[in-house]
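Source file: protein05.pdb; contents: PDB, C-alpha atoms.
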```
ATOM      1  CA  MET J 269       0.000   0.000   0.000
ATOM      2  CA  ALA J 270       1.531   3.330  -1.050
ATOM      3  CA  HIS J 271       1.505   6.197   1.428
ATOM      4  CA  ALA J 272       2.687   9.791   1.397
ATOM      5  CA  VAL J 273       5.780  10.810   3.328
ATOM      6  CA  GLN J 274       4.840  11.106   6.985
ATOM      7  CA  ALA J 275       4.133  14.627   8.229
ATOM      8  CA  SER J 276       4.306  15.028  11.982
ATOM      9  CA  ILE J 277       1.372  16.547  13.821
ATOM     10  CA  GLY J 278       2.038  20.279  14.054
ATOM     11  CA  ASP J 279       3.986  20.415  10.775
ATOM     12  CA  SER J 280       1.219  19.421   8.385
ATOM     13  CA  GLU J 281      -0.847  21.657   6.160
ATOM     14  CA  PHE J 282      -3.945  20.693   8.141
ATOM     15  CA  ASP J 283      -2.377  21.951  11.369
ATOM     16  CA  ARG J 284      -1.161  25.180   9.783
ATOM     17  CA  ASP J 285      -4.534  25.853   8.185
ATOM     18  CA  THR J 286      -6.486  25.192  11.398
ATOM     19  CA  ALA J 287      -4.181  27.319  13.563
ATOM     20  CA  VAL J 288      -5.809  29.997  15.716
ATOM     21  CA  THR J 289      -4.165  33.050  17.271
ATOM     22  CA  PRO J 290      -5.431  34.350  20.645
ATOM     23  CA  ARG J 291      -6.619  37.954  20.476
ATOM     24  CA  ALA J 292      -8.300  38.206  23.889
ATOM     25  CA  PRO J 293      -9.636  35.681  26.414
ATOM     26  CA  GLY J 294     -11.938  33.388  24.442
ATOM     27  CA  VAL J 295     -11.361  35.246  21.146
ATOM     28  CA  TYR J 296      -9.163  33.922  18.328
ATOM     29  CA  ASP J 297      -8.132  35.140  14.903
ATOM     30  CA  ALA J 298      -8.128  32.572  12.107
ATOM     31  CA  HIS J 299      -7.665  32.434   8.354
ATOM     32  CA  LEU J 300      -9.886  30.181   6.263
ATOM     33  CA  SER J 301      -7.615  28.644   3.660
ATOM     34  CA  GLU J 302      -8.613  28.411   0.012
ATOM     35  CA  GLY J 303      -7.042  24.957   0.050
ATOM     36  CA  TRP J 304     -10.079  23.450   1.805
ATOM     37  CA  THR J 305     -12.796  24.700  -0.541
ATOM     38  CA  ILE J 306     -15.187  22.529  -2.488
ATOM     39  CA  ILE J 307     -17.569  23.724  -5.239
ATOM     40  CA  ALA J 308     -18.511  27.142  -3.836
ATOM     41  CA  ALA J 309     -17.522  27.295  -0.170
ATOM     42  CA  VAL J 310     -15.125  26.216   2.561
ATOM     43  CA  ASN J 311     -15.629  22.557   3.559
ATOM     44  CA  GLY J 312     -17.778  22.052   6.660
ATOM     45  CA  GLY J 313     -15.512  19.420   8.213
ATOM     46  CA  TYR J 314     -12.518  21.737   7.949
ATOM     47  CA  LEU J 315     -14.527  24.473   9.681
ATOM     48  CA  LEU J 316     -15.523  22.031  12.418
ATOM     49  CA  ALA J 317     -11.867  21.172  13.021
ATOM     50  CA  LEU J 318     -10.949  24.866  13.133
ATOM     51  CA  LEU J 319     -13.533  25.637  15.811
ATOM     52  CA  GLY J 320     -12.610  22.387  17.523
ATOM     53  CA  ARG J 321      -9.034  23.597  17.864
ATOM     54  CA  ALA J 322     -10.162  26.903  19.372
ATOM     55  CA  LEU J 323     -12.300  25.055  21.920
ATOM     56  CA  ALA J 324      -9.367  22.777  22.783
ATOM     57  CA  HIS J 325      -7.418  25.935  23.707
ATOM     58  CA  THR J 326     -10.341  27.305  25.728
ATOM     59  CA  LEU J 327     -11.534  24.276  27.700
ATOM     60  CA  PRO J 328      -9.568  22.402  30.392
ATOM     61  CA  HIS J 329      -9.984  19.133  28.427
ATOM     62  CA  SER J 330      -8.357  18.752  25.015
ATOM     63  CA  ASP J 331     -10.227  15.936  23.233
ATOM     64  CA  PRO J 332     -13.574  16.478  21.484
ATOM     65  CA  PHE J 333     -16.193  13.921  22.540
ATOM     66  CA  SER J 334     -19.374  15.390  21.031
ATOM     67  CA  VAL J 335     -19.465  18.365  18.674
ATOM     68  CA  SER J 336     -22.703  19.747  17.234
ATOM     69  CA  ALA J 337     -22.554  22.492  14.619
ATOM     70  CA  HIS J 338     -25.177  24.597  12.881
ATOM     71  CA  TYR J 339     -24.028  26.107   9.588
ATOM     72  CA  LEU J 340     -25.659  29.519   9.296
ATOM     73  CA  SER J 341     -24.132  30.869   6.079
ATOM     74  CA  ALA J 342     -21.501  29.799   3.556
ATOM     75  CA  SER J 343     -17.952  30.543   4.731
ATOM     76  CA  GLN J 344     -15.473  32.111   2.324
ATOM     77  CA  PRO J 345     -11.671  31.920   2.262
ATOM     78  CA  GLY J 346     -10.085  34.755   4.209
ATOM     79  CA  PRO J 347      -9.892  36.160   7.736
ATOM     80  CA  ALA J 348     -12.320  35.099  10.448
ATOM     81  CA  VAL J 349     -12.844  35.574  14.166
ATOM     82  CA  ILE J 350     -13.758  32.719  16.532
ATOM     83  CA  ARG J 351     -15.414  33.488  19.863
ATOM     84  CA  THR J 352     -15.548  30.755  22.504
ATOM     85  CA  GLU J 353     -17.270  30.440  25.857
ATOM     86  CA  THR J 354     -16.851  27.888  28.637
ATOM     87  CA  ILE J 355     -20.291  26.729  29.760
ATOM     88  CA  ARG J 356     -19.388  24.095  32.335
ATOM     89  CA  THR J 357     -16.284  22.353  33.620
ATOM     90  CA  GLY J 358     -16.133  19.107  35.566
ATOM     91  CA  ARG J 359     -13.591  16.509  36.551
ATOM     92  CA  THR J 360     -13.962  14.347  33.421
ATOM     93  CA  LEU J 361     -15.900  16.541  30.970
ATOM     94  CA  SER J 362     -16.169  20.183  30.029
ATOM     95  CA  THR J 363     -18.637  21.905  27.727
ATOM     96  CA  GLY J 364     -18.241  25.027  25.656
ATOM     97  CA  GLN J 365     -19.582  26.843  22.648
ATOM     98  CA  ALA J 366     -17.914  28.636  19.763
ATOM     99  CA  SER J 367     -18.967  30.761  16.820
ATOM    100  CA  LEU J 368     -17.092  31.852  13.728
ATOM    101  CA  VAL J 369     -17.790  35.216  12.114
ATOM    102  CA  GLN J 370     -16.564  36.964   9.003
ATOM    103  CA  TYR J 371     -17.019  40.538   7.830
ATOM    104  CA  GLU J 372     -18.593  41.867   4.656
ATOM    105  CA  GLN J 373     -16.887  44.656   2.702
ATOM    106  CA  ASP J 374     -19.075  47.233   4.449
ATOM    107  CA  GLY J 375     -17.993  45.916   7.862
ATOM    108  CA  THR J 376     -21.169  43.965   8.580
ATOM    109  CA  GLU J 377     -20.494  40.973  10.819
ATOM    110  CA  VAL J 378     -21.903  37.668   9.551
ATOM    111  CA  GLU J 379     -21.958  34.539  11.705
ATOM    112  CA  ARG J 380     -21.021  31.471   9.654
ATOM    113  CA  ILE J 381     -21.168  28.561  12.097
ATOM    114  CA  ARG J 382     -22.057  27.983  15.752
ATOM    115  CA  VAL J 383     -20.878  24.968  17.758
ATOM    116  CA  LEU J 384     -21.797  23.390  21.093
ATOM    117  CA  ALA J 385     -19.284  20.774  22.234
ATOM    118  CA  THR J 386     -18.291  18.513  25.114
ATOM    119  CA  TYR J 387     -14.598  17.668  25.626
ATOM    120  CA  GLY J 388     -12.779  15.140  27.778
ATOM    121  CA  ASP J 389      -9.706  12.890  27.850
ATOM    122  CA  LEU J 390      -9.935   9.923  25.445
ATOM    123  CA  ASP J 391      -6.970   8.231  27.114
ATOM    124  CA  GLN J 392      -8.979   7.880  30.330
ATOM    125  CA  LEU J 393     -11.842   5.938  28.749
ATOM    126  CA  SER J 394     -12.516   2.289  29.565
ATOM    127  CA  ASP J 395     -11.297  -0.357  27.127
ATOM    128  CA  GLU J 396     -14.630  -2.207  27.337
ATOM    129  CA  VAL J 397     -16.478  -2.462  24.006
ATOM    130  CA  ARG J 398     -19.922  -3.981  23.431
ATOM    131  CA  THR J 399     -21.024  -3.335  19.876
ATOM    132  CA  ALA J 400     -22.988  -4.732  16.990
ATOM    133  CA  ALA J 401     -21.215  -2.374  14.590
ATOM    134  CA  THR J 402     -18.798  -3.864  12.061
ATOM    135  CA  PRO J 403     -16.215  -2.195   9.789
ATOM    136  CA  PRO J 404     -17.329  -1.492   6.219
ATOM    137  CA  GLU J 405     -16.371  -4.127   3.677
ATOM    138  CA  LEU J 406     -14.040  -2.357   1.269
ATOM    139  CA  PRO J 407     -11.975  -3.665  -1.630
ATOM    140  CA  ALA J 408      -8.210  -3.543  -1.149
ATOM    141  CA  TYR J 409      -6.754  -0.040  -1.075
ATOM    142  CA  GLU J 410      -5.103  -0.534  -4.484
ATOM    143  CA  SER J 411      -8.416  -1.678  -6.013
ATOM    144  CA  CYS J 412     -10.298   1.437  -4.976
ATOM    145  CA  VAL J 413     -10.682   4.552  -7.109
ATOM    146  CA  SER J 414      -9.042   7.936  -6.721
ATOM    147  CA  PRO J 415     -11.184  10.991  -7.552
ATOM    148  CA  SER J 416      -8.555  11.853 -10.165
ATOM    149  CA  ASP J 417      -9.496   8.640 -11.996
ATOM    150  CA  ALA J 418     -12.969   9.992 -12.752
ATOM    151  CA  PRO J 419     -13.466  11.197 -16.345
ATOM    152  CA  ALA J 420     -14.860  14.570 -15.216
ATOM    153  CA  PRO J 421     -16.146  16.091 -11.967
ATOM    154  CA  PRO J 422     -19.938  15.862 -11.604
ATOM    155  CA  VAL J 423     -20.180  19.538 -10.646
ATOM    156  CA  THR J 424     -18.232  22.663 -11.473
ATOM    157  CA  GLY J 425     -16.374  24.784  -8.948
ATOM    158  CA  SER J 426     -13.420  24.457  -6.618
ATOM    159  CA  SER J 427     -11.988  21.021  -5.873
ATOM    160  CA  ALA J 428      -8.960  22.302  -3.957
ATOM    161  CA  ILE J 429      -9.696  20.119  -0.922
ATOM    162  CA  LEU J 430      -9.057  16.979  -2.986
ATOM    163  CA  GLU J 431      -5.391  17.960  -3.292
ATOM    164  CA  ARG J 432      -5.087  17.757   0.501
ATOM    165  CA  LEU J 433      -6.723  14.372   0.878
ATOM    166  CA  THR J 434      -5.860  10.863  -0.225
ATOM    167  CA  LEU J 435      -9.205   9.256  -1.040
ATOM    168  CA  ARG J 436      -9.707   5.801  -2.492
ATOM    169  CA  LEU J 437     -13.403   5.190  -3.079
ATOM    170  CA  ASP J 438     -15.151   1.844  -3.303
ATOM    171  CA  PRO J 439     -15.911   1.322  -7.035
ATOM    172  CA  ALA J 440     -19.425   0.184  -6.064
ATOM    173  CA  THR J 441     -20.174   3.721  -4.846
ATOM    174  CA  VAL J 442     -18.730   5.806  -7.699
ATOM    175  CA  GLY J 443     -21.123   5.013 -10.536
ATOM    176  CA  TRP J 444     -22.195   8.661 -10.419
ATOM    177  CA  ALA J 445     -18.809   9.641 -11.877
ATOM    178  CA  LEU J 446     -19.730   7.632 -14.996
ATOM    179  CA  GLY J 447     -23.320   8.838 -15.162
ATOM    180  CA  ALA J 448     -24.666   5.648 -13.582
ATOM    181  CA  PRO J 449     -25.373   6.249  -9.861
ATOM    182  CA  SER J 450     -26.551   3.190  -7.920
ATOM    183  CA  GLY J 451     -29.458   5.013  -6.277
ATOM    184  CA  LYS J 452     -28.575   3.455  -2.896
ATOM    185  CA  GLY J 453     -27.287   6.675  -1.328
ATOM    186  CA  GLU J 454     -23.981   5.179  -0.163
ATOM    187  CA  MET J 455     -20.353   6.342  -0.167
ATOM    188  CA  ARG J 456     -17.415   4.298   1.117
ATOM    189  CA  GLY J 457     -13.675   4.611   0.915
ATOM    190  CA  TRP J 458     -10.219   4.825   2.407
ATOM    191  CA  PHE J 459      -9.204   8.214   3.809
ATOM    192  CA  SER J 460      -5.995   9.910   4.876
ATOM    193  CA  LEU J 461      -4.408  13.336   4.657
ATOM    194  CA  ALA J 462      -2.265  13.693   1.542
ATOM    195  CA  ASP J 463       0.869  14.767   3.427
ATOM    196  CA  GLY J 464       0.789  11.585   5.514
ATOM    197  CA  ARG J 465      -0.184  13.184   8.807
ATOM    198  CA  ASP J 466      -1.701  10.530  11.052
ATOM    199  CA  ALA J 467      -5.268  10.990  12.194
ATOM    200  CA  ASP J 468      -6.068  12.379  15.630
ATOM    201  CA  PRO J 469      -9.337  13.389  17.336
ATOM    202  CA  LEU J 470      -9.254  16.863  15.780
ATOM    203  CA  SER J 471      -8.720  15.642  12.207
ATOM    204  CA  LEU J 472     -11.606  13.182  12.631
ATOM    205  CA  LEU J 473     -13.886  16.238  12.669
ATOM    206  CA  LEU J 474     -12.763  16.789   9.073
ATOM    207  CA  THR J 475     -12.931  13.106   8.105
ATOM    208  CA  VAL J 476     -16.675  12.710   8.726
ATOM    209  CA  ASP J 477     -17.424  15.383   6.104
ATOM    210  CA  ALA J 478     -14.677  14.780   3.533
ATOM    211  CA  LEU J 479     -16.089  12.159   1.137
ATOM    212  CA  PRO J 480     -18.327  13.122  -1.800
ATOM    213  CA  PRO J 481     -21.948  13.561  -0.671
ATOM    214  CA  THR J 482     -24.296  10.590  -0.833
ATOM    215  CA  SER J 483     -26.616  12.721  -2.975
ATOM    216  CA  PHE J 484     -24.264  11.997  -5.905
ATOM    217  CA  ASP J 485     -25.101   8.295  -5.551
ATOM    218  CA  LEU J 486     -28.780   9.257  -5.738
ATOM    219  CA  GLY J 487     -28.158  10.936  -9.086
ATOM    220  CA  LEU J 488     -28.310  14.486  -7.704
ATOM    221  CA  ASN J 489     -25.248  16.508  -8.686
ATOM    222  CA  GLY J 490     -24.542  19.853  -7.105
ATOM    223  CA  TRP J 491     -23.685  21.553  -3.851
ATOM    224  CA  THR J 492     -25.170  19.743  -0.841
ATOM    225  CA  PRO J 493     -24.823  22.337   1.955
ATOM    226  CA  THR J 494     -24.818  21.098   5.533
ATOM    227  CA  VAL J 495     -27.480  22.518   7.836
ATOM    228  CA  GLU J 496     -26.449  20.689  11.029
ATOM    229  CA  LEU J 497     -23.667  18.200  11.811
ATOM    230  CA  THR J 498     -23.140  16.258  15.041
ATOM    231  CA  THR J 499     -19.952  14.233  15.481
ATOM    232  CA  HIS J 500     -19.009  11.791  18.226
ATOM    233  CA  ILE J 501     -15.329  10.927  18.721
ATOM    234  CA  ARG J 502     -15.151   7.480  20.332
ATOM    235  CA  CYS J 503     -11.415   6.806  20.709
ATOM    236  CA  ARG J 504      -8.006   7.996  19.598
ATOM    237  CA  PRO J 505      -7.324   6.538  16.115
ATOM    238  CA  ALA J 506      -4.396   4.232  15.429
ATOM    239  CA  PRO J 507      -1.920   5.227  12.676
ATOM    240  CA  GLY J 508      -2.794   4.273   9.114
ATOM    241  CA  PRO J 509      -5.559   4.939   6.593
ATOM    242  CA  LEU J 510      -9.105   5.232   7.898
ATOM    243  CA  ARG J 511     -12.169   3.537   6.435
ATOM    244  CA  VAL J 512     -15.237   5.731   6.064
ATOM    245  CA  ALA J 513     -18.779   4.620   5.288
ATOM    246  CA  ILE J 514     -21.616   7.119   4.746
ATOM    247  CA  ARG J 515     -25.231   6.451   3.861
ATOM    248  CA  THR J 516     -28.550   8.240   3.538
ATOM    249  CA  ARG J 517     -31.883   6.493   3.940
ATOM    250  CA  ASN J 518     -34.320   9.354   3.531
ATOM    251  CA  LEU J 519     -34.485  12.292   1.142
ATOM    252  CA  ALA J 520     -37.711  14.223   1.653
ATOM    253  CA  GLY J 521     -38.826  17.816   1.397
ATOM    254  CA  GLY J 522     -35.548  18.829  -0.180
ATOM    255  CA  PHE J 523     -33.395  17.586   2.727
ATOM    256  CA  LEU J 524     -31.427  14.402   3.398
ATOM    257  CA  GLU J 525     -29.566  12.930   6.353
ATOM    258  CA  GLU J 526     -26.101  11.402   6.196
ATOM    259  CA  ASP J 527     -24.866   8.884   8.760
ATOM    260  CA  ALA J 528     -21.100   8.348   8.797
ATOM    261  CA  GLU J 529     -18.824   5.850  10.529
ATOM    262  CA  VAL J 530     -15.025   6.076  10.656
ATOM    263  CA  TRP J 531     -12.915   2.998  11.436
ATOM    264  CA  ASP J 532      -9.185   2.868  12.109
ATOM    265  CA  SER J 533      -6.503   0.327  11.173
ATOM    266  CA  ARG J 534      -7.223  -1.678  14.348
ATOM    267  CA  ASP J 535     -10.875  -2.201  13.340
ATOM    268  CA  ARG J 536     -12.143   0.239  15.963
ATOM    269  CA  LEU J 537     -15.051   2.604  15.427
ATOM    270  CA  VAL J 538     -13.303   5.910  16.147
ATOM    271  CA  ALA J 539     -15.943   8.434  15.031
ATOM    272  CA  GLN J 540     -19.619   8.635  14.117
ATOM    273  CA  SER J 541     -21.674  11.497  12.754
ATOM    274  CA  ARG J 542     -25.084  12.471  11.483
ATOM    275  CA  GLN J 543     -25.814  15.551   9.425
ATOM    276  CA  LEU J 544     -28.825  17.170   7.855
ATOM    277  CA  ALA J 545     -28.133  18.680   4.448
ATOM    278  CA  LYS J 546     -30.041  20.401   1.690
ATOM    279  CA  ALA J 547     -30.409  18.256  -1.399
ATOM    280  CA  PRO J 548     -28.903  19.722  -4.561
ATOM    281  CA  ARG J 549     -31.370  21.812  -6.561
TER
END
```
This structure in structure tokens:
Amino acid sequence: MAHAVQASIGDSEFDRDTAVTPRAPGVYDAHLSEGWTIIAAVNGGYLLALLGRALAHTLPHSDPFSVSAHYLSASQPGPAVIRTETIRTGRTLSTGQASLVQYEQDGTEVERIRVLATYGDLDQLSDEVRTAATPPELPAYESCVSPSDAPAPPVTGSSAILERLTLRLDPATVGWALGAPSGKGEMRGWFSLADGRDADPLSLLLTVDALPPTSFDLGLNGWTPTVELTTHIRCRPAPGPLRVAIRTRNLAGGFLEEDAEVWDSRDRLVAQSRQLAKAPR
């Protein structure tokens, strides 16, 4: 299995592009990088990781356990301000909220995303596991398909984020790239950061929202903006590529849900998420 040269945590593009600079207590300056845009806006998982980093600086616990985000308006590359607030602190868990704002040319402040999150220490969790969940069945890494193998993107716009990810999609879920979607509403594949940086709890906030939307597999091409996204981080991921499986079971009224699972190289379920998104027009 071919991998990129290992980038240590702190030296990778992901870490540089999710860096925050303290301005005042609970207030951070950030820059939304163009490198994480898709179609017409900054990727929602990248934004979640950015706010997640600010909350890790604010709260006494450093690992995200549960992060719920409401996306209020489309974020654009450029400067942003993140405001955080500690709501409650305890011995094992702490809860806080964060919001990201940008400014229009006339100086009007626009809130882009608001997050409520609970943090803790993943290393202190019990090793006991009782689960009926099983890892997704994926073809071998080498037998899966890179987005660059597709004849043409299904939608026009930025695809800069794909240069920062190493995705290998299950061929059974990429019929949409050939004009023949399966109609099942499924997306599966191998995931890692292109510079070889190993996954950690913060990057998992990106992972749950990094594969193509399941709406493509339903034959609906276009921007699928997230309305709300809740992510649960279950344990610290082992080194190596992650396996991601996403599905939707219900598109109605112009909205669809996406349920995601992320599994590590030790066959552990390391993250789960559910989001509500607008179906492409």
Problem - Atomic separation - atom CA of Asp535 of chain J relative to atom CA of Arg511 of chain J, Å - result: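 Between these atoms lies a distance of 9.1 Å.
Ranking J:Val349, J:Ile514, J:Val383, J:Ala478 by their shortest atom-to-atom distance to Pro290 of chain J, with all atoms listed in the file included, puts J:Val349 first.
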Exercise for the section: Find, counting all atoms listed in the file, the residue in J:Leu390, J:Ala308, J:Leu319, J:Ala462 that gets nearest to Val288 of chain J. Expected result: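 Comparing J:Leu390, J:Ala308, J:Leu319, J:Ala462 against Val288 of chain J, the winner is J:Leu319.
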Residues selected by the PyMOL selection byres ((chain J and resi 515) around 8), written as a PDB file with C-alpha atoms, keeping the file's coordinate frame:
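Listed below is the output, result-v2.pdb:
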```
ATOM      1  CA  GLY J 453     -27.287   6.675  -1.328  1.00  0.00           C
ATOM      2  CA  GLU J 454     -23.981   5.179  -0.163  1.00  0.00           C
ATOM      3  CA  MET J 455     -20.353   6.342  -0.167  1.00  0.00           C
ATOM      4  CA  THR J 482     -24.296  10.590  -0.833  1.00  0.00           C
ATOM      5  CA  ALA J 513     -18.779   4.620   5.288  1.00  0.00           C
ATOM      6  CA  ILE J 514     -21.616   7.119   4.746  1.00  0.00           C
ATOM      7  CA  THR J 516     -28.550   8.240   3.538  1.00  0.00           C
ATOM      8  CA  ARG J 517     -31.883   6.493   3.940  1.00  0.00           C
ATOM      9  CA  GLU J 526     -26.101  11.402   6.196  1.00  0.00           C
ATOM     10  CA  ASP J 527     -24.866   8.884   8.760  1.00  0.00           C
ATOM     11  CA  ALA J 528     -21.100   8.348   8.797  1.00  0.00           C
TER      12      ALA J 528
END
```
Practice task
Return as a PyMOL selection string the set of residues that the PyMOL selection byres ((chain J and resi 467) around 10) yields on the displayed structure.
Solution key: chain J and resi 277+459-461+464-466+468-472+474-475+504-510+532
Restricting it to C-alpha atoms, dump the selection as a compact mmCIF listing (two decimals), in the frame of the given file.
```txt
# COMPACT_ATOMS: atom_id res chain seq x y z
CA ILE J 277 1.37 16.55 13.82
CA PHE J 459 -9.20 8.21 3.81
CA SER J 460 -6.00 9.91 4.88
CA LEU J 461 -4.41 13.34 4.66
CA GLY J 464 0.79 11.58 5.51
CA ARG J 465 -0.18 13.18 8.81
CA ASP J 466 -1.70 10.53 11.05
CA ASP J 468 -6.07 12.38 15.63
CA PRO J 469 -9.34 13.39 17.34
CA LEU J 470 -9.25 16.86 15.78
CA SER J 471 -8.72 15.64 12.21
CA LEU J 472 -11.61 13.18 12.63
CA LEU J 474 -12.76 16.79 9.07
CA THR J 475 -12.93 13.11 8.10
CA ARG J 504 -8.01 8.00 19.60
CA PRO J 505 -7.32 6.54 16.11
CA ALA J 506 -4.40 4.23 15.43
CA PRO J 507 -1.92 5.23 12.68
CA GLY J 508 -2.79 4.27 9.11
CA PRO J 509 -5.56 4.94 6.59
CA LEU J 510 -9.10 5.23 7.90
CA ASP J 532 -9.18 2.87 12.11
```
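Minimum atom-to-atom distance to Thr352 of chain J, evaluated using only C-alpha atoms, belongs to J:Tyr296 out of J:Trp491, J:Phe282, J:Trp531, J:Tyr296.
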Practice task
Please identify all polymer residues lying at most 7 Å from the point (-17.4, 37.5, 9.3) (file coordinates), using only C-alpha atoms, and present the result as a list in words.
Solution key: Ala348, Val349, Val369, Gln370, Tyr371, Glu372, Glu377, Val378 and Glu379 of chain J
Exercise for the section: Might you pull out every residue within 10 Å of Leu524 of chain J, with all atoms listed in the file counted and same-chain residues fewer than 3 positions away left off, and present them as a PyMOL selection string? Expected result: chain J and resi 453+482-483+492+494+516-521+543-548
Exercise for the section: Enter the distance from atom CA of Leu486 of chain J to atom CA of Arg549 of chain J, in Å, rounded to one decimal. Expected result: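 Separation of atom CA of Leu486 of chain J and atom CA of Arg549 of chain J: 12.8 Å.
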Problem - Protein, DNA and RNA residues within 12 Å of (-6.4, 22.1, 8.9), only C-alpha atoms, as an NGL selection string - result: :J and (277-288 or 298-305 or 310-321 or 429 or 432-433 or 461-463 or 465 or 467-468 or 470-475)
Exercise for the section: Check which residues satisfy the PyMOL selection byres ((chain J and resi 363) around 10) in the file shown, then give them as a PyMOL selection string. Expected result: chain J and resi 323+327-329+332-335+353-358+361-362+364-365+384-388
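Checking J:Asp438, J:Glu396, J:Glu525, J:Asp331 one by one against Glu410 of chain J, counting all atoms listed in the file, you find the shortest gap at J:Asp438.
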Practice task
Can you work out the spacing between atom CA of Arg536 of chain J and atom CA of Asp395 of chain J in Å, to one decimal?
Solution key: 11.2 Å
